[in-house]
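run31.cif, holding mmCIF, C-alpha atoms, pLDDT in the B column; chains and numbers go by the auth columns:
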```cif
data_start
#
loop_
_atom_site.group_PDB
_atom_site.id
_atom_site.type_symbol
_atom_site.label_atom_id
_atom_site.label_comp_id
_atom_site.label_asym_id
_atom_site.label_seq_id
_atom_site.Cartn_x
_atom_site.Cartn_y
_atom_site.Cartn_z
_atom_site.B_iso_or_equiv
_atom_site.auth_seq_id
_atom_site.auth_asym_id
ATOM 1 C CA TYR A 1 0.000 0.000 0.000 87.00 1 A
ATOM 2 C CA GLY A 2 2.961 2.302 -0.518 90.00 2 A
ATOM 3 C CA ARG A 3 3.980 2.260 3.149 90.00 3 A
ATOM 4 C CA LYS A 4 7.444 1.411 4.411 93.00 4 A
ATOM 5 C CA PRO A 5 7.377 -1.683 6.683 92.00 5 A
ATOM 6 C CA GLU A 6 9.244 0.166 9.416 94.00 6 A
ATOM 7 C CA GLU A 7 6.434 2.738 9.544 95.00 7 A
ATOM 8 C CA VAL A 8 3.962 0.230 11.006 97.00 8 A
ATOM 9 C CA THR A 9 4.365 -1.608 14.318 97.00 9 A
ATOM 10 C CA LEU A 10 2.743 -5.020 14.679 97.00 10 A
ATOM 11 C CA MET A 11 1.345 -5.596 18.165 98.00 11 A
ATOM 12 C CA GLY A 12 0.543 -9.128 19.256 97.00 12 A
ATOM 13 C CA VAL A 13 -2.711 -8.957 21.237 97.00 13 A
ATOM 14 C CA SER A 14 -2.069 -11.703 23.740 94.00 14 A
ATOM 15 C CA LYS A 15 -5.181 -11.635 25.936 92.00 15 A
ATOM 16 C CA THR A 16 -6.225 -15.127 27.117 91.00 16 A
ATOM 17 C CA GLN A 17 -3.152 -16.636 25.473 93.00 17 A
ATOM 18 C CA PRO A 18 -0.765 -18.806 27.524 92.00 18 A
ATOM 19 C CA ILE A 19 2.771 -17.640 28.194 93.00 19 A
ATOM 20 C CA GLU A 20 4.174 -20.427 26.007 93.00 20 A
ATOM 21 C CA LYS A 21 2.490 -18.935 22.952 93.00 21 A
ATOM 22 C CA LEU A 22 3.815 -15.478 23.780 94.00 22 A
ATOM 23 C CA GLU A 23 7.357 -16.810 23.991 94.00 23 A
ATOM 24 C CA VAL A 24 7.006 -18.434 20.574 95.00 24 A
ATOM 25 C CA ALA A 25 5.616 -15.196 19.130 95.00 25 A
ATOM 26 C CA HIS A 26 8.501 -13.238 20.621 95.00 26 A
ATOM 27 C CA LYS A 27 11.049 -15.606 19.106 95.00 27 A
ATOM 28 C CA ALA A 28 9.264 -15.208 15.766 95.00 28 A
ATOM 29 C CA GLY A 29 9.770 -11.446 15.906 94.00 29 A
ATOM 30 C CA ILE A 30 6.873 -9.879 17.804 95.00 30 A
ATOM 31 C CA THR A 31 8.371 -7.084 19.905 94.00 31 A
ATOM 32 C CA LEU A 32 5.225 -5.464 21.331 97.00 32 A
ATOM 33 C CA PHE A 33 2.246 -7.060 23.070 97.00 33 A
ATOM 34 C CA GLY A 34 -1.164 -5.852 24.182 97.00 34 A
ATOM 35 C CA GLU A 35 -3.304 -7.045 27.087 97.00 35 A
ATOM 36 C CA ASN A 36 -6.915 -6.141 27.841 95.00 36 A
ATOM 37 C CA ARG A 37 -7.055 -6.858 31.562 96.00 37 A
ATOM 38 C CA VAL A 38 -4.801 -5.648 34.359 97.00 38 A
ATOM 39 C CA GLN A 39 -5.085 -8.971 36.186 96.00 39 A
ATOM 40 C CA GLU A 40 -3.798 -10.889 33.187 95.00 40 A
ATOM 41 C CA LEU A 41 -0.979 -8.404 32.686 96.00 41 A
ATOM 42 C CA GLN A 42 0.035 -8.975 36.300 96.00 42 A
ATOM 43 C CA GLN A 43 0.139 -12.724 35.699 95.00 43 A
ATOM 44 C CA LYS A 44 2.401 -12.312 32.661 95.00 44 A
ATOM 45 C CA ALA A 45 4.509 -9.425 33.946 95.00 45 A
ATOM 46 C CA GLU A 46 7.468 -11.583 34.953 94.00 46 A
ATOM 47 C CA MET A 47 7.754 -12.968 31.429 92.00 47 A
ATOM 48 C CA PHE A 48 7.490 -9.530 29.816 94.00 48 A
ATOM 49 C CA GLN A 49 10.243 -8.278 32.127 92.00 49 A
ATOM 50 C CA LYS A 50 12.401 -11.356 31.535 91.00 50 A
ATOM 51 C CA TYR A 51 12.500 -10.724 27.787 91.00 51 A
ATOM 52 C CA ASN A 52 12.363 -6.934 28.118 91.00 52 A
ATOM 53 C CA MET A 53 9.159 -6.905 26.070 92.00 53 A
ATOM 54 C CA PRO A 54 6.841 -3.889 26.318 95.00 54 A
ATOM 55 C CA CYS A 55 3.153 -4.574 26.812 96.00 55 A
ATOM 56 C CA HIS A 56 0.409 -1.972 26.491 97.00 56 A
ATOM 57 C CA ILE A 57 -2.966 -2.032 28.197 98.00 57 A
ATOM 58 C CA ILE A 58 -5.489 -1.770 25.357 97.00 58 A
ATOM 59 C CA GLY A 59 -8.809 -2.730 26.962 94.00 59 A
ATOM 60 C CA GLN A 60 -11.279 -0.576 28.819 94.00 60 A
ATOM 61 C CA LEU A 61 -9.744 0.340 32.149 96.00 61 A
ATOM 62 C CA GLN A 62 -11.433 0.818 35.509 95.00 62 A
ATOM 63 C CA THR A 63 -9.966 3.566 37.665 97.00 63 A
ATOM 64 C CA ASN A 64 -9.501 1.213 40.630 97.00 64 A
ATOM 65 C CA LYS A 65 -7.061 -0.873 38.558 97.00 65 A
ATOM 66 C CA VAL A 66 -4.776 2.009 37.592 98.00 66 A
ATOM 67 C CA LYS A 67 -2.774 1.790 40.828 98.00 67 A
ATOM 68 C CA TYR A 68 -1.219 -1.472 39.634 97.00 68 A
ATOM 69 C CA LEU A 69 -0.038 -0.143 36.277 98.00 69 A
ATOM 70 C CA PRO A 70 2.996 2.083 36.992 97.00 70 A
ATOM 71 C CA GLN A 71 5.106 -1.004 37.663 95.00 71 A
ATOM 72 C CA LEU A 72 3.622 -2.987 34.782 96.00 72 A
ATOM 73 C CA THR A 73 3.415 -0.763 31.703 96.00 73 A
ATOM 74 C CA ASP A 74 4.383 2.642 30.395 93.00 74 A
ATOM 75 C CA CYS A 75 1.544 2.875 27.861 97.00 75 A
ATOM 76 C CA ILE A 76 -2.242 2.893 28.257 98.00 76 A
ATOM 77 C CA GLN A 77 -4.121 2.913 24.959 98.00 77 A
ATOM 78 C CA SER A 78 -7.697 3.280 26.171 96.00 78 A
ATOM 79 C CA VAL A 79 -8.026 6.625 27.936 98.00 79 A
ATOM 80 C CA ASP A 80 -11.615 7.750 27.488 97.00 80 A
ATOM 81 C CA SER A 81 -12.573 9.944 30.450 97.00 81 A
ATOM 82 C CA LEU A 82 -11.223 12.797 32.514 97.00 82 A
ATOM 83 C CA LYS A 83 -11.709 10.728 35.669 98.00 83 A
ATOM 84 C CA LEU A 84 -9.472 7.979 34.292 98.00 84 A
ATOM 85 C CA ALA A 85 -6.830 10.439 33.063 98.00 85 A
ATOM 86 C CA LYS A 86 -6.664 12.094 36.490 98.00 86 A
ATOM 87 C CA GLU A 87 -6.242 8.723 38.194 98.00 87 A
ATOM 88 C CA ILE A 88 -3.405 7.818 35.824 98.00 88 A
ATOM 89 C CA ASP A 89 -1.800 11.166 36.585 98.00 89 A
ATOM 90 C CA LYS A 90 -2.096 10.566 40.334 98.00 90 A
ATOM 91 C CA GLN A 91 -0.795 6.992 40.353 98.00 91 A
ATOM 92 C CA TYR A 92 2.148 7.476 37.993 98.00 92 A
ATOM 93 C CA LEU A 93 3.353 10.582 39.803 98.00 93 A
ATOM 94 C CA LYS A 94 3.562 8.497 42.989 97.00 94 A
ATOM 95 C CA TYR A 95 6.384 6.615 41.248 97.00 95 A
ATOM 96 C CA ASN A 96 7.831 9.730 39.616 97.00 96 A
ATOM 97 C CA LYS A 97 6.774 8.311 36.279 97.00 97 A
ATOM 98 C CA VAL A 98 4.926 9.669 33.274 98.00 98 A
ATOM 99 C CA ALA A 99 2.501 7.382 31.437 98.00 99 A
ATOM 100 C CA ASP A 100 2.262 7.420 27.662 98.00 100 A
ATOM 101 C CA VAL A 101 -1.434 7.428 26.829 98.00 101 A
ATOM 102 C CA LEU A 102 -3.547 7.162 23.723 98.00 102 A
ATOM 103 C CA VAL A 103 -6.987 8.703 23.653 98.00 103 A
ATOM 104 C CA GLU A 104 -9.617 6.210 22.551 98.00 104 A
ATOM 105 C CA ILE A 105 -12.080 7.665 20.056 98.00 105 A
ATOM 106 C CA ASN A 106 -15.557 6.177 19.652 96.00 106 A
ATOM 107 C CA ILE A 107 -15.352 6.629 15.902 95.00 107 A
ATOM 108 C CA GLY A 108 -18.652 4.871 15.182 93.00 108 A
ATOM 109 C CA ASP A 109 -20.591 6.587 17.983 92.00 109 A
ATOM 110 C CA GLU A 110 -21.567 3.179 19.383 90.00 110 A
ATOM 111 C CA GLU A 111 -23.191 3.016 22.805 87.00 111 A
ATOM 112 C CA SER A 112 -21.669 -0.419 23.448 85.00 112 A
ATOM 113 C CA LYS A 113 -18.101 0.859 23.142 90.00 113 A
ATOM 114 C CA GLY A 114 -15.904 3.155 25.178 90.00 114 A
ATOM 115 C CA GLY A 115 -14.160 6.175 23.771 95.00 115 A
ATOM 116 C CA ILE A 116 -14.453 9.922 23.467 96.00 116 A
ATOM 117 C CA ASP A 117 -16.946 11.326 20.966 96.00 117 A
ATOM 118 C CA PHE A 118 -15.178 12.306 17.754 94.00 118 A
ATOM 119 C CA SER A 119 -16.438 15.889 18.017 94.00 119 A
ATOM 120 C CA ASN A 120 -15.106 16.250 21.574 95.00 120 A
ATOM 121 C CA ALA A 121 -11.661 14.775 20.957 96.00 121 A
ATOM 122 C CA TRP A 122 -9.654 17.972 20.702 95.00 122 A
ATOM 123 C CA GLU A 123 -11.289 19.595 23.745 96.00 123 A
ATOM 124 C CA PHE A 124 -10.602 16.456 25.813 97.00 124 A
ATOM 125 C CA ILE A 125 -6.984 16.147 24.678 97.00 125 A
ATOM 126 C CA HIS A 126 -6.321 19.797 25.413 95.00 126 A
ATOM 127 C CA GLU A 127 -7.749 19.346 28.908 97.00 127 A
ATOM 128 C CA ILE A 128 -5.717 16.272 29.865 98.00 128 A
ATOM 129 C CA SER A 129 -2.533 17.700 28.332 97.00 129 A
ATOM 130 C CA GLU A 130 -2.228 19.814 31.475 97.00 130 A
ATOM 131 C CA LEU A 131 -1.728 16.714 33.638 98.00 131 A
ATOM 132 C CA LYS A 132 1.921 16.133 34.577 97.00 132 A
ATOM 133 C CA GLY A 133 1.735 12.373 35.085 98.00 133 A
ATOM 134 C CA LEU A 134 0.893 11.533 31.492 98.00 134 A
ATOM 135 C CA THR A 135 1.810 12.449 27.933 98.00 135 A
ATOM 136 C CA VAL A 136 -0.690 12.174 25.092 98.00 136 A
ATOM 137 C CA LYS A 137 1.064 10.076 22.467 98.00 137 A
ATOM 138 C CA GLY A 138 -1.745 9.585 19.997 98.00 138 A
ATOM 139 C CA LEU A 139 -5.123 8.081 19.234 98.00 139 A
ATOM 140 C CA MET A 140 -6.747 4.642 19.241 98.00 140 A
ATOM 141 C CA CYS A 141 -10.044 3.339 17.906 97.00 141 A
ATOM 142 C CA VAL A 142 -12.150 0.220 17.387 95.00 142 A
ATOM 143 C CA PRO A 143 -14.468 0.904 14.443 95.00 143 A
ATOM 144 C CA PRO A 144 -17.877 -0.701 13.931 93.00 144 A
ATOM 145 C CA ILE A 145 -17.837 -4.147 12.363 89.00 145 A
ATOM 146 C CA CYS A 146 -17.861 -3.482 8.622 89.00 146 A
ATOM 147 C CA GLU A 147 -15.708 -4.065 5.582 82.00 147 A
ATOM 148 C CA GLY A 148 -14.067 -2.401 2.617 87.00 148 A
ATOM 149 C CA ASP A 149 -14.906 1.197 1.870 90.00 149 A
ATOM 150 C CA LEU A 150 -17.045 1.544 5.001 93.00 150 A
ATOM 151 C CA VAL A 151 -14.278 0.700 7.448 95.00 151 A
ATOM 152 C CA ARG A 152 -11.773 2.681 5.383 96.00 152 A
ATOM 153 C CA ARG A 153 -13.978 5.725 5.863 96.00 153 A
ATOM 154 C CA TYR A 154 -13.761 5.398 9.652 97.00 154 A
ATOM 155 C CA PHE A 155 -9.995 4.940 9.496 97.00 155 A
ATOM 156 C CA ALA A 156 -9.638 7.934 7.172 97.00 156 A
ATOM 157 C CA GLN A 157 -11.578 10.102 9.638 97.00 157 A
ATOM 158 C CA MET A 158 -9.273 8.970 12.434 98.00 158 A
ATOM 159 C CA HIS A 159 -6.185 9.753 10.385 98.00 159 A
ATOM 160 C CA GLN A 160 -7.459 13.233 9.589 98.00 160 A
ATOM 161 C CA LEU A 161 -8.173 13.876 13.282 97.00 161 A
ATOM 162 C CA PHE A 162 -4.683 12.620 14.106 97.00 162 A
ATOM 163 C CA ILE A 163 -3.120 15.031 11.573 97.00 163 A
ATOM 164 C CA ASP A 164 -5.283 17.957 12.707 96.00 164 A
ATOM 165 C CA ILE A 165 -4.292 17.555 16.369 96.00 165 A
ATOM 166 C CA GLN A 166 -0.664 16.954 15.415 95.00 166 A
ATOM 167 C CA SER A 167 -0.607 20.290 13.585 95.00 167 A
ATOM 168 C CA LYS A 168 -1.685 22.213 16.697 92.00 168 A
ATOM 169 C CA LYS A 169 1.682 21.566 18.400 90.00 169 A
ATOM 170 C CA VAL A 170 0.398 21.634 21.984 93.00 170 A
ATOM 171 C CA ASP A 171 2.753 21.083 24.928 95.00 171 A
ATOM 172 C CA ASN A 172 2.565 17.534 26.303 96.00 172 A
ATOM 173 C CA VAL A 173 0.756 16.287 23.185 97.00 173 A
ATOM 174 C CA ASN A 174 3.001 14.252 20.914 95.00 174 A
ATOM 175 C CA MET A 175 0.891 12.759 18.164 96.00 175 A
ATOM 176 C CA SER A 176 3.191 9.903 17.177 97.00 176 A
ATOM 177 C CA ILE A 177 0.962 6.801 17.478 98.00 177 A
ATOM 178 C CA LEU A 178 -2.198 6.077 15.517 98.00 178 A
ATOM 179 C CA SER A 179 -3.375 2.700 16.832 98.00 179 A
ATOM 180 C CA MET A 180 -6.033 1.214 14.583 98.00 180 A
ATOM 181 C CA GLY A 181 -6.577 -2.012 12.723 97.00 181 A
ATOM 182 C CA MET A 182 -7.125 -5.540 14.050 96.00 182 A
ATOM 183 C CA SER A 183 -7.055 -9.064 12.601 94.00 183 A
ATOM 184 C CA ASP A 184 -9.988 -8.535 10.201 93.00 184 A
ATOM 185 C CA ASP A 185 -9.338 -4.970 9.077 95.00 185 A
ATOM 186 C CA TYR A 186 -5.652 -4.165 9.569 96.00 186 A
ATOM 187 C CA LYS A 187 -5.018 -3.937 5.804 95.00 187 A
ATOM 188 C CA TYR A 188 -7.536 -1.107 5.497 96.00 188 A
ATOM 189 C CA ALA A 189 -6.051 0.600 8.549 97.00 189 A
ATOM 190 C CA ILE A 190 -2.589 0.524 6.987 97.00 190 A
ATOM 191 C CA MET A 191 -4.031 1.979 3.773 96.00 191 A
ATOM 192 C CA GLU A 192 -5.418 4.894 5.789 97.00 192 A
ATOM 193 C CA GLY A 193 -2.355 5.748 7.842 97.00 193 A
ATOM 194 C CA SER A 194 -2.265 3.514 10.928 98.00 194 A
ATOM 195 C CA ASN A 195 1.205 3.055 12.373 98.00 195 A
ATOM 196 C CA LEU A 196 0.274 0.486 15.032 98.00 196 A
ATOM 197 C CA ILE A 197 -1.965 -2.489 14.279 98.00 197 A
ATOM 198 C CA ARG A 198 -3.322 -4.716 17.051 98.00 198 A
ATOM 199 C CA VAL A 199 -3.514 -8.317 15.838 97.00 199 A
ATOM 200 C CA GLY A 200 -4.662 -11.117 18.120 95.00 200 A
ATOM 201 C CA SER A 201 -6.361 -14.125 16.520 93.00 201 A
ATOM 202 C CA GLY A 202 -4.489 -13.491 13.266 94.00 202 A
ATOM 203 C CA ILE A 203 -1.283 -14.366 15.130 94.00 203 A
ATOM 204 C CA PHE A 204 -2.313 -16.635 17.985 92.00 204 A
ATOM 205 C CA GLY A 205 -5.452 -18.306 16.640 87.00 205 A
ATOM 206 C CA HIS A 206 -8.805 -18.411 18.382 80.00 206 A
ATOM 207 C CA ARG A 207 -8.897 -17.397 22.021 69.00 207 A
ATOM 208 C CA ASN A 208 -9.833 -19.641 24.907 65.00 208 A
ATOM 209 C CA TYR A 209 -12.030 -17.512 27.171 59.00 209 A
ATOM 210 C CA ASN A 210 -12.295 -20.291 29.740 58.00 210 A
ATOM 211 C CA ILE A 211 -8.775 -19.884 31.151 50.00 211 A
#
```

Turn the structure described in the file into structure tokens.
Amino acid sequence: YGRKPEEVTLMGVSKTQPIEKLEVAHKAGITLFGENRVQELQQKAEMFQKYNMPCHIIGQLQTNKVKYLPQLTDCIQSVDSLKLAKEIDKQYLKYNKVADVLVEINIGDEESKGGIDFSNAWEFIHEISELKGLTVKGLMCVPPICEGDLVRRYFAQMHQLFIDIQSKKVDNVNMSILSMGMSDDYKYAIMEGSNLIRVGSGIFGHRNYNI
């Protein structure tokens, strides 16, 4: 699609997957992982530290779980409320750390999904940019289930928002990561400017939700 391979990072979404599979994926070249739940990240933390592998939290995050994260990850991809951003700020500053965060955008305006309304994105980012315990590194989205031109349209809107905010050059806002695209739609995301794709079943196979 006219993109340089080094422009796009492949994240292995490892939720519900056993450590043995993660080790195989790492040996095969996966250098970044994503987990949805703090509890599961805690269970795998020793392995991530052993291999010096970064792991982002990408699922919806409850504020009462944030206190565990400063020692587990430097990046939270699913910031979608001022309450959550303030809690991240508070907990990371306790450790004299600064969290990299992505603002999740509800690009399809779906009630069943988290994320900031598209129209409110800039106002929200400007507000949380004043917090000292985090740095806004970019945007993330999970579009509605659709294919082809429809999903490309959502990704194109995200890319334009990403560029617009990037051009504003606000302190503590470093628009460097556009996280969009999963196993079924990552090709379209790459076409429309994603530089981080989150692939789970496409790498690891079907998940076992009974573990």

>> To test your reading of the syntax: which residues would the PyMOL selection byres ((chain A and resi 95) around 12) return for the file shown? Reply as a PyMOL selection string.
In response: chain A and resi 67-72+74+88-94+96-99+133

> Quick one: residues within 12 Å of segment 143-154 of chain A, all atoms listed in the file counted, chain neighbours fewer than 5 positions away excluded, as number ranges by chain?
Replying inline: A: 104-115, 118, 159-161, 179-194

Output file for the selection above: C-alpha atoms, as a tab-separated table (two decimals), keeping the file's coordinate frame:
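Saved as out02.tsv:
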```tsv
chain	number	residue	atom	x	y	z
A	104	GLU	CA	-9.62	6.21	22.55
A	105	ILE	CA	-12.08	7.66	20.06
A	106	ASN	CA	-15.56	6.18	19.65
A	107	ILE	CA	-15.35	6.63	15.90
A	108	GLY	CA	-18.65	4.87	15.18
A	109	ASP	CA	-20.59	6.59	17.98
A	110	GLU	CA	-21.57	3.18	19.38
A	111	GLU	CA	-23.19	3.02	22.80
A	112	SER	CA	-21.67	-0.42	23.45
A	113	LYS	CA	-18.10	0.86	23.14
A	114	GLY	CA	-15.90	3.16	25.18
A	115	GLY	CA	-14.16	6.18	23.77
A	118	PHE	CA	-15.18	12.31	17.75
A	159	HIS	CA	-6.18	9.75	10.38
A	160	GLN	CA	-7.46	13.23	9.59
A	161	LEU	CA	-8.17	13.88	13.28
A	179	SER	CA	-3.38	2.70	16.83
A	180	MET	CA	-6.03	1.21	14.58
A	181	GLY	CA	-6.58	-2.01	12.72
A	182	MET	CA	-7.12	-5.54	14.05
A	183	SER	CA	-7.06	-9.06	12.60
A	184	ASP	CA	-9.99	-8.54	10.20
A	185	ASP	CA	-9.34	-4.97	9.08
A	186	TYR	CA	-5.65	-4.16	9.57
A	187	LYS	CA	-5.02	-3.94	5.80
A	188	TYR	CA	-7.54	-1.11	5.50
A	189	ALA	CA	-6.05	0.60	8.55
A	190	ILE	CA	-2.59	0.52	6.99
A	191	MET	CA	-4.03	1.98	3.77
A	192	GLU	CA	-5.42	4.89	5.79
A	193	GLY	CA	-2.36	5.75	7.84
A	194	SER	CA	-2.26	3.51	10.93
```

>> List as JSON, numbers by chain the residues having at least one atom at most 12 Å from position (2.4, -17.6, 29.9) as given in the file, counting all atoms listed in the file.
In response: {"A": [14, 15, 16, 17, 18, 19, 20, 21, 22, 23, 24, 25, 26, 40, 41, 42, 43, 44, 45, 46, 47, 48, 50, 211]}

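If you look at atom CA of Glu6 of chain A and atom CA of Gln157 of chain A, they are 23.1 Å away from each other.
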
>> Show me, as a PyMOL selection string, the residues that have an atom within 10 Å of segment 79-87 of chain A when counting only C-alpha atoms, minus same-chain residues fewer than 4 positions from it.
In response: chain A and resi 58-67+91-93+99+101-106+114-117+121+124-125+127-129+131-134+136+139-140

>> To one decimal place in Å, what is the distance between atom CA of Asp100 of chain A and atom CA of Gly205 of chain A?
In response: 29.0 Å

>> Just want the 7 Å neighbourhood of Val199 of chain A, counted on all atoms listed in the file, with same-chain residues fewer than 3 positions away dropped. Output as a list in words.
In response: Met11, Gly12, Val13, Met182, Ser183, Gly202 and Ile203 of chain A
